[in-house]
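J.: Before I ask anything, here is the structure I am working with.
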Amino acid sequence: MSDFLLEHEPSVRMGFFFGSLVLFGMWETLRPTRTPTVPRLWHWLNNLGLTVFNSFLLRFTFPVLAAGFAAITTTNGWGLLNWLDLPLVPATLIAIVVLDLVVYGQHVLFHAVPLFWRLHKVHHADVDYDVTTGARFHPVEIMLSMGIKLGVILVLGPPVVAVILFEIILSSMAMFNHANASLPTGLDRVLRLFVVTPDMHRVHHSINRREHNANFGFNISLWDRLFGTYKAAPDAGQTGMTIGLTDYQDNRRQSLLWMILLPFRSEKG
Ligand SMILES: [Zn+2]
Ligand SMILES: [Zn+2]
């Protein structure tokens with residue numbers, strides 16, 4: 001089964017990526033929460049241009065990516081879950097939860113360590129907030145994330161299906177919770193007991209330092225509550241809050257090249 005999944009992984013992931021992009025893109029077009037300040041075509045082309053660049057970069061710089069490496073650990077019996085020899089379903093569930101916790105921890109780390117923040121601020125410098133923001137990360141951050149993920153896979157030994165499922169969930173959820181749209185209040189309140197919603201993650205993109213050091217989760221909302229980093233709503237409200245970073249409010253039309261060079265510029269302020 002692993003071979004079949006691995007063989008079809010790129011097309012399945014691509015299908016979910018474009019499916020989510022269209023679905024959540026339509027949602028935010030029909031029911032936008034905030035008025036965009038940058039022309040949408042420019043915003044989409046540059047943010048998605050960075051995403052396409054990143055996926056090519058990963059393919060050409062890493063000899064093996066997450067799912068392929070999970071197949072290697074499974075074949076060789078490496079990692080905790082392979083040693084425990086659990087049935088597929090519990091092993092998959094444990095792996096997805098652990099991988100999500102690692103993504104949460106890594107996100108906190110990328111805010112706390114100045115060198116990593118230089119990379120991660122490309123995600124935060126966006127002055128608008130829409131589905132494409134969810135896929136906007138600096139290439140070096142993407143490569144570091146892959147390195148961390150490979151390390152976790154080596155220690156954990158997750159089933160191949162768990163890694164593929166996690167990558168699909170992460171990519172689709174990132175687009176969902178970066179949508180410039182809001183769920184009805186009651187539904188949001190219930191759903192965010194379990195998963196991160198757009199209104200919850202938008203707080204993390206506030207210009208307010210205290211708010212952007214909250215709501216680090218991407219999928220499961222439990223981590224922020226558990227580790228005391230949860231903030232229910234921005235002080236200025238979802239439409240009144242300012243998105244982005246103080247230093248880059250004047251630079252609203254951020255090009256692909258500008259984003260790639262951002263970490264290497266001297267710090268403002
Ligand atoms: Zn962040
Ligand atoms: Zn974000």
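Residue numbers start at 1 in each chain; chains themselves are named A, B, ... in the order of the structure tokens; ligands are numbered from 1 in the order shown.
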Give the residues close to ligand 2, within 12 Å, counting only C-alpha atoms and all ligand atoms; write them as a PyMOL selection string.

T.: chain A and resi 104+107+111+120-137+170-171+173-180+196-206+212-219+243-244

J.: For the residues selected in the previous step, produce a file with N, CA and C atoms as a compact mmCIF listing (two decimals), in the first residue's frame.

T.:
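As written to disk, part.txt reads:
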# COMPACT_ATOMS: atom_id res chain seq x y z
N TYR A 104 3.64 23.03 15.94
CA TYR A 104 3.34 24.09 16.92
C TYR A 104 4.64 24.56 17.59
N HIS A 107 6.88 26.51 15.38
CA HIS A 107 6.36 27.86 15.14
C HIS A 107 6.73 28.80 16.29
N HIS A 111 9.45 32.19 16.29
CA HIS A 111 9.19 33.54 16.81
C HIS A 111 10.22 33.94 17.86
N HIS A 120 10.90 33.81 9.31
CA HIS A 120 9.46 33.65 9.51
C HIS A 120 8.70 34.96 9.31
N LYS A 121 9.41 36.09 9.42
CA LYS A 121 8.68 37.37 9.29
C LYS A 121 8.18 37.60 7.85
N VAL A 122 8.69 36.81 6.90
CA VAL A 122 8.15 36.88 5.54
C VAL A 122 6.66 36.52 5.56
N HIS A 123 6.30 35.54 6.40
CA HIS A 123 4.90 35.13 6.55
C HIS A 123 4.09 36.26 7.20
N HIS A 124 4.72 36.97 8.14
CA HIS A 124 4.00 38.00 8.92
C HIS A 124 4.01 39.38 8.27
N ALA A 125 4.94 39.61 7.34
CA ALA A 125 5.03 40.94 6.72
C ALA A 125 3.86 41.21 5.78
N ASP A 126 3.13 40.16 5.43
CA ASP A 126 1.96 40.32 4.56
C ASP A 126 0.98 41.29 5.21
N VAL A 127 0.60 42.33 4.47
CA VAL A 127 -0.30 43.34 5.04
C VAL A 127 -1.77 42.97 4.84
N ASP A 128 -1.99 41.96 4.01
CA ASP A 128 -3.35 41.41 3.88
C ASP A 128 -3.33 39.98 4.38
N TYR A 129 -4.49 39.41 4.53
CA TYR A 129 -4.60 38.07 5.09
C TYR A 129 -5.60 37.31 4.22
N ASP A 130 -5.08 36.39 3.39
CA ASP A 130 -6.01 35.57 2.60
C ASP A 130 -5.42 34.18 2.40
N VAL A 131 -6.11 33.32 1.64
CA VAL A 131 -5.66 31.92 1.50
C VAL A 131 -4.19 31.80 1.08
N THR A 132 -3.72 32.77 0.28
CA THR A 132 -2.34 32.65 -0.21
C THR A 132 -1.32 32.98 0.88
N THR A 133 -1.75 33.71 1.93
CA THR A 133 -0.85 33.98 3.06
C THR A 133 -0.46 32.65 3.72
N GLY A 134 -1.40 31.71 3.72
CA GLY A 134 -1.17 30.41 4.34
C GLY A 134 -0.09 29.59 3.67
N ALA A 135 0.28 29.96 2.45
CA ALA A 135 1.30 29.20 1.72
C ALA A 135 2.55 30.05 1.51
N ARG A 136 2.61 31.21 2.20
CA ARG A 136 3.71 32.16 1.97
C ARG A 136 4.77 32.02 3.06
N PHE A 137 5.83 31.30 2.76
CA PHE A 137 6.94 31.11 3.70
C PHE A 137 8.26 31.27 2.96
N LEU A 170 -2.27 19.63 6.72
CA LEU A 170 -1.56 20.88 7.03
C LEU A 170 -1.74 21.90 5.91
N SER A 171 -1.56 21.45 4.67
CA SER A 171 -1.65 22.40 3.56
C SER A 171 -3.09 22.92 3.39
N MET A 173 -5.52 22.93 5.75
CA MET A 173 -5.91 23.70 6.94
C MET A 173 -5.24 25.07 6.94
N ALA A 174 -4.00 25.16 6.44
CA ALA A 174 -3.33 26.46 6.39
C ALA A 174 -4.11 27.41 5.49
N MET A 175 -4.65 26.88 4.39
CA MET A 175 -5.43 27.76 3.50
C MET A 175 -6.77 28.11 4.13
N PHE A 176 -7.38 27.11 4.80
CA PHE A 176 -8.66 27.36 5.49
C PHE A 176 -8.49 28.44 6.56
N ASN A 177 -7.48 28.27 7.45
CA ASN A 177 -7.43 29.21 8.57
C ASN A 177 -6.76 30.55 8.24
N HIS A 178 -6.24 30.69 6.99
CA HIS A 178 -5.78 32.01 6.54
C HIS A 178 -6.81 32.69 5.64
N ALA A 179 -7.98 32.06 5.47
CA ALA A 179 -9.00 32.65 4.60
C ALA A 179 -9.48 34.00 5.16
N ASN A 180 -9.69 34.94 4.24
CA ASN A 180 -10.24 36.23 4.64
C ASN A 180 -11.76 36.08 4.76
N VAL A 196 -8.12 24.87 14.54
CA VAL A 196 -7.87 26.31 14.38
C VAL A 196 -8.78 26.85 13.28
N THR A 197 -9.47 27.95 13.58
CA THR A 197 -10.39 28.57 12.60
C THR A 197 -9.75 29.87 12.07
N PRO A 198 -10.28 30.43 10.97
CA PRO A 198 -9.71 31.69 10.45
C PRO A 198 -9.69 32.81 11.49
N ASP A 199 -10.79 32.97 12.25
CA ASP A 199 -10.83 34.05 13.25
C ASP A 199 -9.82 33.83 14.37
N MET A 200 -9.47 32.56 14.62
CA MET A 200 -8.49 32.27 15.67
C MET A 200 -7.06 32.58 15.17
N HIS A 201 -6.73 32.10 13.97
CA HIS A 201 -5.35 32.31 13.49
C HIS A 201 -5.09 33.76 13.09
N ARG A 202 -6.15 34.47 12.65
CA ARG A 202 -5.95 35.88 12.24
C ARG A 202 -5.35 36.72 13.37
N VAL A 203 -5.68 36.37 14.61
CA VAL A 203 -5.12 37.08 15.78
C VAL A 203 -3.59 37.04 15.71
N HIS A 204 -3.04 35.90 15.25
CA HIS A 204 -1.60 35.70 15.18
C HIS A 204 -0.94 36.65 14.16
N HIS A 205 -1.73 37.22 13.26
CA HIS A 205 -1.18 38.13 12.24
C HIS A 205 -1.37 39.60 12.61
N SER A 206 -1.77 39.85 13.86
CA SER A 206 -1.97 41.22 14.32
C SER A 206 -0.62 41.96 14.41
N HIS A 212 0.51 38.81 18.21
CA HIS A 212 1.19 37.94 17.24
C HIS A 212 2.08 36.89 17.92
N ASN A 213 2.20 36.99 19.25
CA ASN A 213 2.82 35.89 19.99
C ASN A 213 1.75 35.03 20.67
N ALA A 214 0.64 34.85 19.96
CA ALA A 214 -0.45 33.99 20.44
C ALA A 214 -0.97 33.17 19.25
N ASN A 215 -1.70 32.13 19.55
CA ASN A 215 -2.34 31.29 18.52
C ASN A 215 -1.35 30.77 17.47
N PHE A 216 -0.39 29.99 17.94
CA PHE A 216 0.65 29.45 17.06
C PHE A 216 0.19 28.20 16.30
N GLY A 217 -0.90 27.58 16.74
CA GLY A 217 -1.33 26.31 16.15
C GLY A 217 -1.78 26.46 14.71
N PHE A 218 -1.63 25.37 13.94
CA PHE A 218 -2.10 25.38 12.55
C PHE A 218 -3.29 24.45 12.36
N ASN A 219 -3.31 23.34 13.10
CA ASN A 219 -4.40 22.37 12.92
C ASN A 219 -5.21 22.19 14.20
N ILE A 243 -3.20 44.22 10.21
CA ILE A 243 -2.49 42.99 9.88
C ILE A 243 -1.06 43.34 9.46
N GLY A 244 -0.11 42.51 9.87
CA GLY A 244 1.27 42.67 9.38
C GLY A 244 2.23 43.08 10.47

J.: Please identify the alpha helix (DSSP H) residues within range 120-175 of chain A (assignment by DSSP from backbone atoms) and present them as a ChimeraX atom specification.

T.: /A:120-124,139-156,160-175

J.: Would you please work out which residue, of A:Ser182, A:Asn54, A:Ser221, A:Thr73, is nearest to Gln238 in chain A when using only C-alpha atoms?

T.: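 That would be A:Ser182, the residue with the smallest distance to Gln238 in chain A.
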
J.: Expressed in Å to a single decimal, how great is the separation between CA of Thr239 in chain A and CA of Arg34 in chain A?

T.: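 So the answer is 5.6 Å.
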
J.: A:Leu245, A:Leu86, A:Val155, A:Met143: which is nearest ligand 1, counting only C-alpha atoms and all ligand atoms?

T.: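 Of A:Leu245, A:Leu86, A:Val155, A:Met143, the one nearest ligand 1 is A:Leu245, counting only C-alpha atoms and all ligand atoms.
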
J.: For Phe110 in chain A, please output as a count of residues only all residues within 9 Å (counting only C-alpha atoms; exclusion window: fewer than 4 positions along the same chain).

T.: 11

J.: Residues near Asp3 in chain A, anyone? I mean within 12 Å using only C-alpha atoms, not counting same-chain ones fewer than 5 positions away, as a list of chain:residue names.

T.: A:His8, A:Glu9, A:Ala67, A:Gly68, A:Ala70, A:Ala71, A:Ile72, A:Thr74, A:Thr75, A:Pro159, A:Val160, A:Val161

J.: Those same residues - N, CA, C and O atoms - I'd like them written as an mmCIF file, in the first residue's frame.

T.:
data_model
loop_
_atom_site.group_PDB
_atom_site.id
_atom_site.type_symbol
_atom_site.label_atom_id
_atom_site.label_comp_id
_atom_site.auth_asym_id
_atom_site.auth_seq_id
_atom_site.Cartn_x
_atom_site.Cartn_y
_atom_site.Cartn_z
ATOM 1 N N HIS A 8 1.328 7.840 -6.056
ATOM 2 C CA HIS A 8 0.289 8.804 -6.391
ATOM 3 C C HIS A 8 0.317 10.054 -5.517
ATOM 4 O O HIS A 8 -0.522 10.932 -5.673
ATOM 5 N N GLU A 9 1.277 10.125 -4.585
ATOM 6 C CA GLU A 9 1.307 11.235 -3.630
ATOM 7 C C GLU A 9 1.307 12.622 -4.288
ATOM 8 O O GLU A 9 0.488 13.465 -3.932
ATOM 9 N N ALA A 67 7.344 11.817 2.919
ATOM 10 C CA ALA A 67 6.671 10.525 2.716
ATOM 11 C C ALA A 67 7.682 9.450 2.289
ATOM 12 O O ALA A 67 7.626 8.311 2.762
ATOM 13 N N GLY A 68 8.597 9.831 1.404
ATOM 14 C CA GLY A 68 9.620 8.879 0.948
ATOM 15 C C GLY A 68 10.497 8.419 2.108
ATOM 16 O O GLY A 68 10.867 7.238 2.209
ATOM 17 N N ALA A 70 9.564 8.333 5.264
ATOM 18 C CA ALA A 70 8.742 7.468 6.137
ATOM 19 C C ALA A 70 8.751 6.039 5.588
ATOM 20 O O ALA A 70 8.765 5.066 6.360
ATOM 21 N N ALA A 71 8.760 5.904 4.258
ATOM 22 C CA ALA A 71 8.815 4.561 3.647
ATOM 23 C C ALA A 71 10.142 3.890 3.997
ATOM 24 O O ALA A 71 10.189 2.688 4.292
ATOM 25 N N ILE A 72 11.233 4.679 4.005
ATOM 26 C CA ILE A 72 12.553 4.122 4.343
ATOM 27 C C ILE A 72 12.576 3.666 5.808
ATOM 28 O O ILE A 72 13.044 2.570 6.115
ATOM 29 N N THR A 74 10.051 2.795 7.638
ATOM 30 C CA THR A 74 9.158 1.627 7.784
ATOM 31 C C THR A 74 9.865 0.355 7.303
ATOM 32 O O THR A 74 9.866 -0.667 7.991
ATOM 33 N N THR A 75 10.495 0.448 6.131
ATOM 34 C CA THR A 75 11.192 -0.720 5.569
ATOM 35 C C THR A 75 12.294 -1.207 6.513
ATOM 36 O O THR A 75 12.491 -2.413 6.689
ATOM 37 N N PRO A 159 3.772 5.669 10.021
ATOM 38 C CA PRO A 159 3.373 5.011 8.775
ATOM 39 C C PRO A 159 3.393 6.024 7.620
ATOM 40 O O PRO A 159 3.121 7.214 7.851
ATOM 41 N N VAL A 160 3.662 5.559 6.411
ATOM 42 C CA VAL A 160 3.700 6.451 5.236
ATOM 43 C C VAL A 160 2.372 7.189 5.090
ATOM 44 O O VAL A 160 2.338 8.398 4.840
ATOM 45 N N VAL A 161 1.277 6.453 5.294
ATOM 46 C CA VAL A 161 -0.047 7.061 5.119
ATOM 47 C C VAL A 161 -0.254 8.234 6.095
ATOM 48 O O VAL A 161 -0.891 9.239 5.751
#
